[in-house]
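Notes to accompany the following structure.
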Amino acid sequence: MTSSYFTIVHILVLIVIFVLSMLFLFLSFKADRKLFISLLFTNVLVSTFLAVFLMPVLDKYTKKAVLENVKHQRVLRNESIVFNGTVKNIGKFKISVCNFNVKLINQALSKNNMGGESFFKSSGASLFSWLFTENNTNNKPNTVEYSFAVVKDLDAKKSETFSVSMPYPTYFSHTTIINKISCY
């Protein structure tokens, strides 16, 4: 059985928003006809706003997971990098999906490379780049980001291992690797 996005906390918050919305709707029926339309619009707008924007806040406090034993290994045969690790649900609720996000940064800032080109890359005539057909070989990104769905339907206090592979840019040297987990 697959789990739903909503936990009992999500459902309770939605019920409270619905009850308050119905109460406000009932009270707005007692107002003048001209005022009723604006009250109805405000009611719908505020209820929708609360329902949509409270869900990520509730996720932050109800769906908690941590990464454990994350290791990476570069595979030179096919110029890729493989990440292995474990996702552990430390919350009290079942998690629907966890995404493993990886960011590779080429030559992170240090005291030796604090030149202006590290912070700002001049664009020159980038506004008119469609006029020029030359292929710029120096246009190599300094950061590469990937996201992988590594866990689905993880019960509370359980853990699950994962393994993902991504291409590794051949021109990277002194790479800084940043990884994190985001669950909902």
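In the structure tokens, chains take letters A, B, ... by order of appearance, with residues numbered from 1 within each chain and ligands from 1 in the order shown.
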
Check segment 20-107 of chain A with DSSP on the backbone and list each residue it calls strand (DSSP E or B), as a PDB file with N, CA, C and O atoms, in the first residue's frame.
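For reference, out28.pdb as written:
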```
ATOM      1  N   ALA A  65      14.146  13.418   8.077  1.00  0.00           N
ATOM      2  CA  ALA A  65      15.055  12.334   7.716  1.00  0.00           C
ATOM      3  C   ALA A  65      16.486  12.852   7.745  1.00  0.00           C
ATOM      4  O   ALA A  65      16.725  14.053   7.596  1.00  0.00           O
ATOM      5  N   VAL A  66      17.416  11.946   7.947  1.00  0.00           N
ATOM      6  CA  VAL A  66      18.837  12.296   7.944  1.00  0.00           C
ATOM      7  C   VAL A  66      19.589  11.340   7.032  1.00  0.00           C
ATOM      8  O   VAL A  66      19.168  10.197   6.810  1.00  0.00           O
ATOM      9  N   LEU A  67      20.706  11.839   6.524  1.00  0.00           N
ATOM     10  CA  LEU A  67      21.613  11.012   5.729  1.00  0.00           C
ATOM     11  C   LEU A  67      22.650  10.399   6.654  1.00  0.00           C
ATOM     12  O   LEU A  67      23.179  11.073   7.536  1.00  0.00           O
ATOM     13  N   GLU A  68      22.942   9.131   6.439  1.00  0.00           N
ATOM     14  CA  GLU A  68      23.963   8.453   7.225  1.00  0.00           C
ATOM     15  C   GLU A  68      24.899   7.703   6.291  1.00  0.00           C
ATOM     16  O   GLU A  68      24.467   7.168   5.259  1.00  0.00           O
ATOM     17  N   ASN A  69      26.150   7.659   6.654  1.00  0.00           N
ATOM     18  CA  ASN A  69      27.180   6.876   5.953  1.00  0.00           C
ATOM     19  C   ASN A  69      27.217   7.167   4.451  1.00  0.00           C
ATOM     20  O   ASN A  69      27.310   6.253   3.639  1.00  0.00           O
ATOM     21  N   VAL A  70      27.153   8.438   4.082  1.00  0.00           N
ATOM     22  CA  VAL A  70      27.212   8.787   2.662  1.00  0.00           C
ATOM     23  C   VAL A  70      28.663   8.746   2.211  1.00  0.00           C
ATOM     24  O   VAL A  70      29.526   9.410   2.773  1.00  0.00           O
ATOM     25  N   LYS A  71      28.901   7.936   1.209  1.00  0.00           N
ATOM     26  CA  LYS A  71      30.237   7.797   0.624  1.00  0.00           C
ATOM     27  C   LYS A  71      30.115   7.998  -0.874  1.00  0.00           C
ATOM     28  O   LYS A  71      29.086   7.700  -1.472  1.00  0.00           O
ATOM     29  N   HIS A  72      31.171   8.510  -1.464  1.00  0.00           N
ATOM     30  CA  HIS A  72      31.172   8.670  -2.912  1.00  0.00           C
ATOM     31  C   HIS A  72      32.442   8.049  -3.486  1.00  0.00           C
ATOM     32  O   HIS A  72      33.472   7.980  -2.814  1.00  0.00           O
ATOM     33  N   GLN A  73      32.308   7.585  -4.699  1.00  0.00           N
ATOM     34  CA  GLN A  73      33.435   6.961  -5.383  1.00  0.00           C
ATOM     35  C   GLN A  73      33.366   7.354  -6.849  1.00  0.00           C
ATOM     36  O   GLN A  73      32.323   7.220  -7.489  1.00  0.00           O
ATOM     37  N   ARG A  74      34.470   7.821  -7.352  1.00  0.00           N
ATOM     38  CA  ARG A  74      34.538   8.227  -8.747  1.00  0.00           C
ATOM     39  C   ARG A  74      34.875   7.032  -9.620  1.00  0.00           C
ATOM     40  O   ARG A  74      35.766   6.260  -9.310  1.00  0.00           O
ATOM     41  N   VAL A  75      34.126   6.876 -10.706  1.00  0.00           N
ATOM     42  CA  VAL A  75      34.350   5.784 -11.652  1.00  0.00           C
ATOM     43  C   VAL A  75      34.972   6.395 -12.898  1.00  0.00           C
ATOM     44  O   VAL A  75      34.301   7.119 -13.645  1.00  0.00           O
ATOM     45  N   SER A  80      31.972   9.064 -14.125  1.00  0.00           N
ATOM     46  CA  SER A  80      30.799   9.281 -13.291  1.00  0.00           C
ATOM     47  C   SER A  80      31.218   9.227 -11.828  1.00  0.00           C
ATOM     48  O   SER A  80      32.357   8.888 -11.509  1.00  0.00           O
ATOM     49  N   ILE A  81      30.302   9.572 -10.969  1.00  0.00           N
ATOM     50  CA  ILE A  81      30.534   9.493  -9.531  1.00  0.00           C
ATOM     51  C   ILE A  81      29.328   8.782  -8.921  1.00  0.00           C
ATOM     52  O   ILE A  81      28.190   9.051  -9.299  1.00  0.00           O
ATOM     53  N   VAL A  82      29.599   7.860  -8.023  1.00  0.00           N
ATOM     54  CA  VAL A  82      28.559   7.038  -7.411  1.00  0.00           C
ATOM     55  C   VAL A  82      28.470   7.405  -5.929  1.00  0.00           C
ATOM     56  O   VAL A  82      29.489   7.475  -5.242  1.00  0.00           O
ATOM     57  N   PHE A  83      27.256   7.640  -5.463  1.00  0.00           N
ATOM     58  CA  PHE A  83      26.996   7.934  -4.057  1.00  0.00           C
ATOM     59  C   PHE A  83      26.221   6.783  -3.441  1.00  0.00           C
ATOM     60  O   PHE A  83      25.226   6.326  -3.991  1.00  0.00           O
ATOM     61  N   ASN A  84      26.704   6.316  -2.279  1.00  0.00           N
ATOM     62  CA  ASN A  84      26.030   5.273  -1.509  1.00  0.00           C
ATOM     63  C   ASN A  84      25.771   5.822  -0.115  1.00  0.00           C
ATOM     64  O   ASN A  84      26.582   6.575   0.420  1.00  0.00           O
ATOM     65  N   GLY A  85      24.654   5.440   0.463  1.00  0.00           N
ATOM     66  CA  GLY A  85      24.359   5.893   1.805  1.00  0.00           C
ATOM     67  C   GLY A  85      23.058   5.327   2.321  1.00  0.00           C
ATOM     68  O   GLY A  85      22.455   4.438   1.716  1.00  0.00           O
ATOM     69  N   THR A  86      22.631   5.880   3.441  1.00  0.00           N
ATOM     70  CA  THR A  86      21.407   5.440   4.093  1.00  0.00           C
ATOM     71  C   THR A  86      20.571   6.659   4.451  1.00  0.00           C
ATOM     72  O   THR A  86      21.103   7.668   4.906  1.00  0.00           O
ATOM     73  N   VAL A  87      19.267   6.550   4.228  1.00  0.00           N
ATOM     74  CA  VAL A  87      18.320   7.576   4.657  1.00  0.00           C
ATOM     75  C   VAL A  87      17.561   7.002   5.839  1.00  0.00           C
ATOM     76  O   VAL A  87      16.990   5.918   5.756  1.00  0.00           O
ATOM     77  N   LYS A  88      17.578   7.741   6.955  1.00  0.00           N
ATOM     78  CA  LYS A  88      16.880   7.289   8.154  1.00  0.00           C
ATOM     79  C   LYS A  88      15.766   8.264   8.493  1.00  0.00           C
ATOM     80  O   LYS A  88      15.995   9.464   8.599  1.00  0.00           O
ATOM     81  N   ASN A  89      14.556   7.742   8.671  1.00  0.00           N
ATOM     82  CA  ASN A  89      13.404   8.539   9.068  1.00  0.00           C
ATOM     83  C   ASN A  89      13.463   8.705  10.581  1.00  0.00           C
ATOM     84  O   ASN A  89      13.287   7.741  11.322  1.00  0.00           O
ATOM     85  N   ILE A  95       7.136   8.839   5.529  1.00  0.00           N
ATOM     86  CA  ILE A  95       7.585   9.785   4.510  1.00  0.00           C
ATOM     87  C   ILE A  95       7.229   9.232   3.138  1.00  0.00           C
ATOM     88  O   ILE A  95       7.493   8.070   2.843  1.00  0.00           O
ATOM     89  N   SER A  96       6.630  10.076   2.301  1.00  0.00           N
ATOM     90  CA  SER A  96       6.235   9.647   0.956  1.00  0.00           C
ATOM     91  C   SER A  96       7.451   9.489   0.048  1.00  0.00           C
ATOM     92  O   SER A  96       7.664   8.436  -0.535  1.00  0.00           O
ATOM     93  N   VAL A  97       8.249  10.558  -0.090  1.00  0.00           N
ATOM     94  CA  VAL A  97       9.395  10.557  -0.997  1.00  0.00           C
ATOM     95  C   VAL A  97      10.527  11.365  -0.383  1.00  0.00           C
ATOM     96  O   VAL A  97      10.294  12.419   0.213  1.00  0.00           O
ATOM     97  N   CYS A  98      11.748  10.887  -0.548  1.00  0.00           N
ATOM     98  CA  CYS A  98      12.939  11.646  -0.167  1.00  0.00           C
ATOM     99  C   CYS A  98      13.811  11.830  -1.403  1.00  0.00           C
ATOM    100  O   CYS A  98      14.082  10.867  -2.124  1.00  0.00           O
ATOM    101  N   ASN A  99      14.236  13.074  -1.612  1.00  0.00           N
ATOM    102  CA  ASN A  99      15.132  13.388  -2.714  1.00  0.00           C
ATOM    103  C   ASN A  99      16.524  13.647  -2.173  1.00  0.00           C
ATOM    104  O   ASN A  99      16.701  14.401  -1.219  1.00  0.00           O
ATOM    105  N   PHE A 100      17.508  13.023  -2.815  1.00  0.00           N
ATOM    106  CA  PHE A 100      18.918  13.221  -2.491  1.00  0.00           C
ATOM    107  C   PHE A 100      19.461  14.245  -3.475  1.00  0.00           C
ATOM    108  O   PHE A 100      19.453  14.021  -4.675  1.00  0.00           O
ATOM    109  N   ASN A 101      19.882  15.398  -2.951  1.00  0.00           N
ATOM    110  CA  ASN A 101      20.381  16.487  -3.793  1.00  0.00           C
ATOM    111  C   ASN A 101      21.888  16.576  -3.673  1.00  0.00           C
ATOM    112  O   ASN A 101      22.428  16.599  -2.562  1.00  0.00           O
ATOM    113  N   VAL A 102      22.567  16.619  -4.822  1.00  0.00           N
ATOM    114  CA  VAL A 102      24.023  16.677  -4.865  1.00  0.00           C
ATOM    115  C   VAL A 102      24.433  17.917  -5.642  1.00  0.00           C
ATOM    116  O   VAL A 102      23.893  18.203  -6.712  1.00  0.00           O
ATOM    117  N   LYS A 103      25.397  18.635  -5.090  1.00  0.00           N
ATOM    118  CA  LYS A 103      25.951  19.802  -5.772  1.00  0.00           C
ATOM    119  C   LYS A 103      27.469  19.646  -5.809  1.00  0.00           C
ATOM    120  O   LYS A 103      28.102  19.493  -4.764  1.00  0.00           O
ATOM    121  N   LEU A 104      28.030  19.647  -7.004  1.00  0.00           N
ATOM    122  CA  LEU A 104      29.471  19.591  -7.188  1.00  0.00           C
ATOM    123  C   LEU A 104      29.956  20.991  -7.543  1.00  0.00           C
ATOM    124  O   LEU A 104      29.446  21.614  -8.482  1.00  0.00           O
ATOM    125  N   ILE A 105      30.944  21.490  -6.799  1.00  0.00           N
ATOM    126  CA  ILE A 105      31.493  22.818  -7.039  1.00  0.00           C
ATOM    127  C   ILE A 105      32.952  22.658  -7.407  1.00  0.00           C
ATOM    128  O   ILE A 105      33.737  22.072  -6.655  1.00  0.00           O
ATOM    129  N   ASN A 106      33.330  23.179  -8.565  1.00  0.00           N
ATOM    130  CA  ASN A 106      34.704  23.113  -9.042  1.00  0.00           C
ATOM    131  C   ASN A 106      35.520  24.224  -8.409  1.00  0.00           C
ATOM    132  O   ASN A 106      35.155  25.391  -8.496  1.00  0.00           O
TER     133      ASN A 106
END
```

Report task. Can you work out the spacing between atom CA of Phe24 of chain A and atom CA of Tyr5 of chain A in Å, to one decimal? Result ->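 So the two atoms, atom CA of Phe24 of chain A and atom CA of Tyr5 of chain A, lie 27.9 Å apart.
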
Report task. Write out as a list of chain:residue names each polymer residue whose atoms come within 12 Å of Leu14 of chain A, counting only C-alpha atoms; drop sequence neighbours fewer than 4 positions from it. Result ->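 Result of the neighbour search: A:Phe6, A:Thr7, A:Ile8, A:Val9, A:His10, A:Phe18, A:Val19, A:Leu20, A:Ser21, A:Ser47, A:Thr48, A:Phe49, A:Leu50, A:Ala51, A:Val52, A:Phe53, A:Leu54, A:Met55, A:Leu58.
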
For the alpha helix (DSSP H) assignment from backbone DSSP, which residues of chain A qualify? Please present them as an mmCIF file with N, CA, C and O atoms, in the first residue's frame.
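Saved as part_28.cif:
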```
data_model
loop_
_atom_site.group_PDB
_atom_site.id
_atom_site.type_symbol
_atom_site.label_atom_id
_atom_site.label_comp_id
_atom_site.auth_asym_id
_atom_site.auth_seq_id
_atom_site.Cartn_x
_atom_site.Cartn_y
_atom_site.Cartn_z
ATOM 1 N N ILE A 8 -1.644 12.814 9.652
ATOM 2 C CA ILE A 8 -2.801 13.194 10.475
ATOM 3 C C ILE A 8 -2.735 14.677 10.836
ATOM 4 O O ILE A 8 -3.766 15.346 10.937
ATOM 5 N N VAL A 9 -1.535 15.215 11.004
ATOM 6 C CA VAL A 9 -1.375 16.636 11.314
ATOM 7 C C VAL A 9 -1.845 17.488 10.140
ATOM 8 O O VAL A 9 -2.541 18.494 10.327
ATOM 9 N N HIS A 10 -1.477 17.090 8.912
ATOM 10 C CA HIS A 10 -1.926 17.822 7.724
ATOM 11 C C HIS A 10 -3.457 17.833 7.646
ATOM 12 O O HIS A 10 -4.071 18.872 7.382
ATOM 13 N N ILE A 11 -4.042 16.680 7.881
ATOM 14 C CA ILE A 11 -5.505 16.562 7.786
ATOM 15 C C ILE A 11 -6.184 17.412 8.856
ATOM 16 O O ILE A 11 -7.180 18.101 8.573
ATOM 17 N N LEU A 12 -5.666 17.406 10.084
ATOM 18 C CA LEU A 12 -6.246 18.228 11.147
ATOM 19 C C LEU A 12 -6.158 19.719 10.822
ATOM 20 O O LEU A 12 -7.119 20.466 11.056
ATOM 21 N N VAL A 13 -5.031 20.151 10.284
ATOM 22 C CA VAL A 13 -4.881 21.564 9.923
ATOM 23 C C VAL A 13 -5.851 21.935 8.811
ATOM 24 O O VAL A 13 -6.483 22.997 8.848
ATOM 25 N N LEU A 14 -6.011 21.064 7.819
ATOM 26 C CA LEU A 14 -6.967 21.339 6.741
ATOM 27 C C LEU A 14 -8.407 21.386 7.254
ATOM 28 O O LEU A 14 -9.205 22.208 6.806
ATOM 29 N N ILE A 15 -8.739 20.530 8.213
ATOM 30 C CA ILE A 15 -10.082 20.546 8.802
ATOM 31 C C ILE A 15 -10.305 21.852 9.562
ATOM 32 O O ILE A 15 -11.377 22.469 9.448
ATOM 33 N N VAL A 16 -9.318 22.305 10.314
ATOM 34 C CA VAL A 16 -9.447 23.569 11.054
ATOM 35 C C VAL A 16 -9.617 24.734 10.081
ATOM 36 O O VAL A 16 -10.468 25.612 10.298
ATOM 37 N N ILE A 17 -8.837 24.754 9.007
ATOM 38 C CA ILE A 17 -8.978 25.822 8.005
ATOM 39 C C ILE A 17 -10.368 25.778 7.386
ATOM 40 O O ILE A 17 -11.012 26.819 7.195
ATOM 41 N N PHE A 18 -10.871 24.586 7.086
ATOM 42 C CA PHE A 18 -12.203 24.453 6.487
ATOM 43 C C PHE A 18 -13.296 24.934 7.448
ATOM 44 O O PHE A 18 -14.213 25.650 7.047
ATOM 45 N N VAL A 19 -13.177 24.557 8.718
ATOM 46 C CA VAL A 19 -14.191 24.973 9.713
ATOM 47 C C VAL A 19 -14.171 26.486 9.885
ATOM 48 O O VAL A 19 -15.230 27.132 9.922
ATOM 49 N N LEU A 20 -12.986 27.079 9.971
ATOM 50 C CA LEU A 20 -12.902 28.532 10.093
ATOM 51 C C LEU A 20 -13.440 29.231 8.845
ATOM 52 O O LEU A 20 -14.093 30.273 8.942
ATOM 53 N N SER A 21 -13.196 28.649 7.698
ATOM 54 C CA SER A 21 -13.708 29.212 6.452
ATOM 55 C C SER A 21 -15.240 29.169 6.413
ATOM 56 O O SER A 21 -15.892 30.133 5.989
ATOM 57 N N MET A 22 -15.812 28.054 6.846
ATOM 58 C CA MET A 22 -17.266 27.944 6.879
ATOM 59 C C MET A 22 -17.875 28.901 7.903
ATOM 60 O O MET A 22 -18.922 29.498 7.660
ATOM 61 N N LEU A 23 -17.214 29.077 9.047
ATOM 62 C CA LEU A 23 -17.680 30.025 10.051
ATOM 63 C C LEU A 23 -17.654 31.447 9.496
ATOM 64 O O LEU A 23 -18.615 32.204 9.655
ATOM 65 N N PHE A 24 -16.567 31.791 8.832
ATOM 66 C CA PHE A 24 -16.461 33.122 8.235
ATOM 67 C C PHE A 24 -17.502 33.305 7.119
ATOM 68 O O PHE A 24 -18.084 34.383 6.973
ATOM 69 N N LEU A 25 -17.771 32.248 6.360
ATOM 70 C CA LEU A 25 -18.794 32.308 5.313
ATOM 71 C C LEU A 25 -20.173 32.530 5.931
ATOM 72 O O LEU A 25 -20.965 33.343 5.436
ATOM 73 N N PHE A 26 -20.468 31.830 7.010
ATOM 74 C CA PHE A 26 -21.745 31.995 7.703
ATOM 75 C C PHE A 26 -21.904 33.427 8.221
ATOM 76 O O PHE A 26 -22.976 34.030 8.100
ATOM 77 N N LEU A 27 -20.830 33.970 8.798
ATOM 78 C CA LEU A 27 -20.883 35.342 9.308
ATOM 79 C C LEU A 27 -21.001 36.366 8.183
ATOM 80 O O LEU A 27 -21.612 37.419 8.351
ATOM 81 N N SER A 28 -20.431 36.056 7.022
ATOM 82 C CA SER A 28 -20.509 37.014 5.911
ATOM 83 C C SER A 28 -21.896 37.050 5.281
ATOM 84 O O SER A 28 -22.240 38.018 4.598
ATOM 85 N N ARG A 33 -25.310 42.915 0.792
ATOM 86 C CA ARG A 33 -25.069 42.188 -0.467
ATOM 87 C C ARG A 33 -23.777 42.657 -1.139
ATOM 88 O O ARG A 33 -23.025 41.850 -1.665
ATOM 89 N N LYS A 34 -23.502 43.970 -1.132
ATOM 90 C CA LYS A 34 -22.286 44.499 -1.747
ATOM 91 C C LYS A 34 -21.043 44.026 -0.989
ATOM 92 O O LYS A 34 -20.018 43.723 -1.582
ATOM 93 N N LEU A 35 -21.128 43.992 0.294
ATOM 94 C CA LEU A 35 -20.006 43.574 1.124
ATOM 95 C C LEU A 35 -19.808 42.058 1.093
ATOM 96 O O LEU A 35 -18.686 41.570 1.265
ATOM 97 N N PHE A 36 -20.864 41.320 0.842
ATOM 98 C CA PHE A 36 -20.803 39.856 0.843
ATOM 99 C C PHE A 36 -19.816 39.332 -0.204
ATOM 100 O O PHE A 36 -19.049 38.408 0.079
ATOM 101 N N ILE A 37 -19.833 39.905 -1.396
ATOM 102 C CA ILE A 37 -18.944 39.418 -2.473
ATOM 103 C C ILE A 37 -17.477 39.617 -2.098
ATOM 104 O O ILE A 37 -16.654 38.721 -2.286
ATOM 105 N N SER A 38 -17.138 40.766 -1.539
ATOM 106 C CA SER A 38 -15.748 40.999 -1.135
ATOM 107 C C SER A 38 -15.362 40.101 0.041
ATOM 108 O O SER A 38 -14.229 39.612 0.116
ATOM 109 N N LEU A 39 -16.276 39.860 0.956
ATOM 110 C CA LEU A 39 -15.993 38.944 2.070
ATOM 111 C C LEU A 39 -15.814 37.506 1.582
ATOM 112 O O LEU A 39 -14.948 36.779 2.082
ATOM 113 N N LEU A 40 -16.630 37.110 0.623
ATOM 114 C CA LEU A 40 -16.501 35.770 0.047
ATOM 115 C C LEU A 40 -15.156 35.601 -0.652
ATOM 116 O O LEU A 40 -14.467 34.590 -0.475
ATOM 117 N N PHE A 41 -14.765 36.602 -1.433
ATOM 118 C CA PHE A 41 -13.484 36.574 -2.129
ATOM 119 C C PHE A 41 -12.329 36.513 -1.125
ATOM 120 O O PHE A 41 -11.378 35.732 -1.287
ATOM 121 N N THR A 42 -12.411 37.310 -0.079
ATOM 122 C CA THR A 42 -11.373 37.311 0.959
ATOM 123 C C THR A 42 -11.305 35.964 1.665
ATOM 124 O O THR A 42 -10.211 35.450 1.932
ATOM 125 N N ASN A 43 -12.446 35.386 1.940
ATOM 126 C CA ASN A 43 -12.515 34.084 2.602
ATOM 127 C C ASN A 43 -11.820 33.012 1.755
ATOM 128 O O ASN A 43 -11.005 32.238 2.258
ATOM 129 N N VAL A 44 -12.154 32.965 0.475
ATOM 130 C CA VAL A 44 -11.557 31.970 -0.420
ATOM 131 C C VAL A 44 -10.049 32.196 -0.543
ATOM 132 O O VAL A 44 -9.251 31.256 -0.491
ATOM 133 N N LEU A 45 -9.645 33.447 -0.701
ATOM 134 C CA LEU A 45 -8.234 33.779 -0.863
ATOM 135 C C LEU A 45 -7.418 33.405 0.377
ATOM 136 O O LEU A 45 -6.376 32.754 0.279
ATOM 137 N N VAL A 46 -7.895 33.787 1.537
ATOM 138 C CA VAL A 46 -7.161 33.509 2.780
ATOM 139 C C VAL A 46 -7.132 32.004 3.066
ATOM 140 O O VAL A 46 -6.092 31.453 3.454
ATOM 141 N N SER A 47 -8.236 31.321 2.860
ATOM 142 C CA SER A 47 -8.277 29.869 3.104
ATOM 143 C C SER A 47 -7.327 29.123 2.169
ATOM 144 O O SER A 47 -6.600 28.223 2.602
ATOM 145 N N THR A 48 -7.333 29.489 0.909
ATOM 146 C CA THR A 48 -6.429 28.856 -0.054
ATOM 147 C C THR A 48 -4.978 29.152 0.290
ATOM 148 O O THR A 48 -4.127 28.261 0.262
ATOM 149 N N PHE A 49 -4.691 30.398 0.612
ATOM 150 C CA PHE A 49 -3.333 30.794 0.986
ATOM 151 C C PHE A 49 -2.845 29.996 2.188
ATOM 152 O O PHE A 49 -1.730 29.467 2.190
ATOM 153 N N LEU A 50 -3.662 29.891 3.214
ATOM 154 C CA LEU A 50 -3.273 29.130 4.402
ATOM 155 C C LEU A 50 -3.063 27.651 4.093
ATOM 156 O O LEU A 50 -2.085 27.047 4.543
ATOM 157 N N ALA A 51 -3.974 27.070 3.341
ATOM 158 C CA ALA A 51 -3.868 25.639 3.031
ATOM 159 C C ALA A 51 -2.624 25.329 2.206
ATOM 160 O O ALA A 51 -1.924 24.349 2.468
ATOM 161 N N VAL A 52 -2.320 26.171 1.232
ATOM 162 C CA VAL A 52 -1.180 25.905 0.348
ATOM 163 C C VAL A 52 0.150 26.167 1.045
ATOM 164 O O VAL A 52 1.079 25.371 0.941
ATOM 165 N N PHE A 53 0.253 27.244 1.773
ATOM 166 C CA PHE A 53 1.535 27.615 2.350
ATOM 167 C C PHE A 53 1.830 26.969 3.697
ATOM 168 O O PHE A 53 2.975 26.994 4.142
ATOM 169 N N LEU A 54 0.848 26.387 4.350
ATOM 170 C CA LEU A 54 1.121 25.679 5.599
ATOM 171 C C LEU A 54 1.627 24.255 5.368
ATOM 172 O O LEU A 54 2.268 23.675 6.236
ATOM 173 N N MET A 55 1.355 23.684 4.194
ATOM 174 C CA MET A 55 1.783 22.302 3.931
ATOM 175 C C MET A 55 3.308 22.129 3.974
ATOM 176 O O MET A 55 3.803 21.217 4.640
ATOM 177 N N PRO A 56 4.111 22.975 3.302
ATOM 178 C CA PRO A 56 5.571 22.821 3.429
ATOM 179 C C PRO A 56 6.082 23.061 4.845
ATOM 180 O O PRO A 56 7.045 22.429 5.270
ATOM 181 N N VAL A 57 5.419 23.957 5.584
ATOM 182 C CA VAL A 57 5.819 24.193 6.972
ATOM 183 C C VAL A 57 5.559 22.942 7.806
ATOM 184 O O VAL A 57 6.401 22.525 8.612
ATOM 185 N N LEU A 58 4.413 22.322 7.594
ATOM 186 C CA LEU A 58 4.110 21.083 8.316
ATOM 187 C C LEU A 58 5.065 19.962 7.921
ATOM 188 O O LEU A 58 5.457 19.146 8.762
ATOM 189 N N ASP A 59 5.439 19.899 6.644
ATOM 190 C CA ASP A 59 6.402 18.888 6.202
ATOM 191 C C ASP A 59 7.726 19.015 6.939
ATOM 192 O O ASP A 59 8.354 18.017 7.298
ATOM 193 N N LYS A 60 8.150 20.245 7.156
ATOM 194 C CA LYS A 60 9.425 20.474 7.830
ATOM 195 C C LYS A 60 9.437 19.887 9.238
ATOM 196 O O LYS A 60 10.452 19.396 9.709
ATOM 197 N N TYR A 61 8.290 19.910 9.901
ATOM 198 C CA TYR A 61 8.232 19.443 11.283
ATOM 199 C C TYR A 61 7.696 18.020 11.439
ATOM 200 O O TYR A 61 7.845 17.430 12.499
ATOM 201 N N THR A 62 7.074 17.473 10.421
ATOM 202 C CA THR A 62 6.532 16.124 10.548
ATOM 203 C C THR A 62 7.320 15.072 9.781
ATOM 204 O O THR A 62 7.322 13.913 10.170
ATOM 205 N N GLY A 116 38.556 38.549 -9.113
ATOM 206 C CA GLY A 116 37.223 39.004 -9.483
ATOM 207 C C GLY A 116 36.471 38.008 -10.336
ATOM 208 O O GLY A 116 35.251 37.913 -10.275
ATOM 209 N N GLU A 117 37.179 37.217 -11.140
ATOM 210 C CA GLU A 117 36.498 36.257 -12.004
ATOM 211 C C GLU A 117 35.882 35.107 -11.225
ATOM 212 O O GLU A 117 35.037 34.385 -11.739
ATOM 213 N N SER A 118 36.272 34.936 -9.972
ATOM 214 C CA SER A 118 35.654 33.912 -9.136
ATOM 215 C C SER A 118 34.244 34.312 -8.722
ATOM 216 O O SER A 118 33.394 33.467 -8.472
ATOM 217 N N PHE A 119 34.009 35.622 -8.608
ATOM 218 C CA PHE A 119 32.717 36.118 -8.167
ATOM 219 C C PHE A 119 31.824 36.576 -9.319
ATOM 220 O O PHE A 119 30.627 36.447 -9.270
#
```

Report task. Go through A:Lys158, A:Arg77, A:Lys30, A:His174 and flag the residue nearest Lys64 of chain A, using only C-alpha atoms for the distances. Result -> A:Lys158

Query raised in the report: Of the candidates A:Asn142, A:Ser147, A:Asn78, A:Ser4, which one gets nearest to Phe172 of chain A if we count only C-alpha atoms?
Result: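 Nearest candidate to Phe172 of chain A out of A:Asn142, A:Ser147, A:Asn78, A:Ser4: A:Asn142.
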